[in-house]
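The next block holds one structure in the form of structure tokens; read it before the comments.
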Amino acid sequence: MSISAAITPHIPLLRRFARALTGAQQSGDAYVAATLEAILADQSLFNAELSPRVALYRIFLKTWQAVPANKAVDMAVDGAEAAASRNLGAIPVAPRMAFLLGAVESFKIGEIGQTLGCTEAQAQDLIDQAGRAIAEQIRTKVLIIEDEPLIALDLQYLVEQLGHEVTTIARTHTEAVRAAVKGSPGLILADIQLADGSSGLDAVNEILGTLETPVIFITAFPERFLTGQAPEPAFLIAKPFSAESVKAIISQALFFDRKSQRIEANLASG
């Protein structure tokens, strides 16, 4: 397969990543064009031992980093992307690249390391740095709705590692609604099925009737939400979860500032 054929399917995705990284479509597209021109001029830049997408993004980032001014973020973005662009300014360059490769492009940690030319451990450290930088910029109060004490403590530890404040751990629908009304959290982490028979989903739907905030759902059955029918939750954590995935999703939810919608579902367990 020719290099052109290998990278063509990935160019629209690269444009999306470039826009997220630079903060503006015009500048992002300009660097995508420069990347393609560089490949045409010197095909040896393309590492055929990597997957085509990783090889393409790697060349793009080297092209982008060659201009010192690119440490800044173009804030000329309006609407829904404005908050994300503002938050970009809080993240140093290398952690910003690692974070966006995972958050926007869904690269696995090994692919992030390959793209940036570092080890998996170094890539994970960069993502953690990004999470802490986001927390410093948009530190918030977090409500945890979880009836299992050990899971709740694990979540609290991870949230606080990122620099956020856990205001309440609610174990029932009633406790959750009361805590939200009292504390106005900036983020909610919610289990679906609570041990007393109440529903974390119902509690979140009631909270969202009066409060706009991002919500991360925690469930053993994520496929029950991912049906292709709107509304679907923007953020899901599948049980059992890893510390890295929880921290990454928390940072994504706050970085992109996506308010959650009410979701009606009939789940037997979560």
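Ordering of the structure tokens sets the chain letters (A, B, ...), residue numbers begin anew at 1 in every chain, and ligands are numbered from 1 in the order given.
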Could you write out, as a ChimeraX atom specification, all the residues of region 102-267 of chain A that DSSP marks as strand (DSSP E)?
-> /A:141-145,165-170,187-191,215-219,236-238
Spatial neighbours of region 239-246 of chain A, 9 Å, only C-alpha atoms, chain gap at least 5 places, as number ranges by chain = A: 124, 128, 154-155, 158-159, 218-222, 251, 270
Residue contacts of Gln122 (chain A) (10 Å, only C-alpha atoms) excluding same-chain residues fewer than 6 positions away, as a ChimeraX atom specification | /A:98,109,112-113,116,128
Expected answer as a ChimeraX atom specification: alpha helix (DSSP H) residues in region 43-235 of chain A | /A:52-65,82-88,93-103,109-116,120-138,149-161,173-183,200-207
Please identify all polymer residues within 10 Å of region 40-55 of chain A, counting only C-alpha atoms, omitting same-chain residues fewer than 3 positions from it, and present them as a list in words.
->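 My reading of the contact set: Ile3, Ser4, Ala5, Ala6, Ile7, Thr8, Pro9, His10, Ile11, Leu13, Leu14, Ala34, Thr35, Leu36, Glu37, Arg58, Ile59, Phe60, Phe107, Glu111, Ile112, Gly113, Gln114, Thr115 and Leu116 of chain A.
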Excluding same-chain residues fewer than 2 positions from Glu146 (chain A), what lies within 7 Å of it counting only C-alpha atoms, as a short mmCIF file (atom, residue, chain, number, x, y, z; two decimals) with N, CA and C atoms, in the first residue's frame?
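Once written, result_27.cif looks like this:
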```cif
data_model
loop_
_atom_site.label_atom_id
_atom_site.label_comp_id
_atom_site.auth_asym_id
_atom_site.auth_seq_id
_atom_site.Cartn_x
_atom_site.Cartn_y
_atom_site.Cartn_z
N ILE A 144 -19.77 12.36 44.84
CA ILE A 144 -19.68 10.94 44.49
C ILE A 144 -20.94 10.24 44.98
N GLU A 148 -20.86 1.47 47.69
CA GLU A 148 -19.81 0.55 48.13
C GLU A 148 -18.66 1.36 48.75
N ALA A 152 -16.02 3.85 46.82
CA ALA A 152 -16.17 5.28 47.08
C ALA A 152 -14.85 5.89 47.54
N ILE A 169 -19.91 11.99 49.82
CA ILE A 169 -20.12 10.66 49.26
C ILE A 169 -21.53 10.24 49.64
N ALA A 170 -22.41 10.23 48.65
CA ALA A 170 -23.82 9.90 48.89
C ALA A 170 -24.06 8.43 48.57
N ARG A 171 -24.83 7.76 49.42
CA ARG A 171 -25.05 6.32 49.24
C ARG A 171 -26.47 5.98 48.79
N ALA A 190 -21.31 9.05 39.43
CA ALA A 190 -22.51 8.35 39.91
C ALA A 190 -22.52 6.88 39.53
N ASP A 191 -22.64 6.01 40.54
CA ASP A 191 -22.95 4.61 40.30
C ASP A 191 -24.41 4.54 39.83
N LEU A 194 -27.81 1.40 43.34
CA LEU A 194 -27.37 1.53 44.72
C LEU A 194 -27.94 0.39 45.56
#
```
For Phe255 (chain A), which residue among A:Val181, A:Ala135, A:Leu208, A:Leu56 is the nearest when counting only C-alpha atoms?
->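 Smallest separation from Phe255 (chain A) among the options: A:Ala135.
Put simply, CA of Phe17 (chain A) is 7.6 Å away from CA of Leu101 (chain A).
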In Å and to one decimal, CA of Ala180 (chain A) is distant from CA of Thr210 (chain A) by 9.6 Å
For Thr167 (chain A), work out the shell of residues within 7 Å, counting only C-alpha atoms and skipping chain neighbours fewer than 6 positions away, then give it as a VMD selection string.
-> chain A and resid 141 to 143
Only N, CA, C and O atoms, please: the residues just picked out, written as a CSV table (one decimal), in the first residue's frame.
```csv
chain,number,residue,atom,x,y,z
A,141,LYS,N,-15.6,21.2,43.0
A,141,LYS,CA,-16.2,20.3,44.0
A,141,LYS,C,-16.9,19.1,43.3
A,141,LYS,O,-17.5,19.3,42.3
A,142,VAL,N,-16.7,18.0,43.9
A,142,VAL,CA,-17.1,16.7,43.3
A,142,VAL,C,-18.1,16.0,44.2
A,142,VAL,O,-17.8,15.8,45.4
A,143,LEU,N,-19.2,15.6,43.7
A,143,LEU,CA,-20.2,14.7,44.4
A,143,LEU,C,-20.0,13.3,43.9
A,143,LEU,O,-20.1,13.0,42.7
```
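The gap separating CA of Gly131 (chain A) from CA of Ala94 (chain A) is 12.5 Å, in Å to one decimal.
Proximity ranking of A:Ala176, A:Ser2, A:Leu21, A:Asp29 relative to Leu61 (chain A) places A:Leu21 first, based on only C-alpha atoms.
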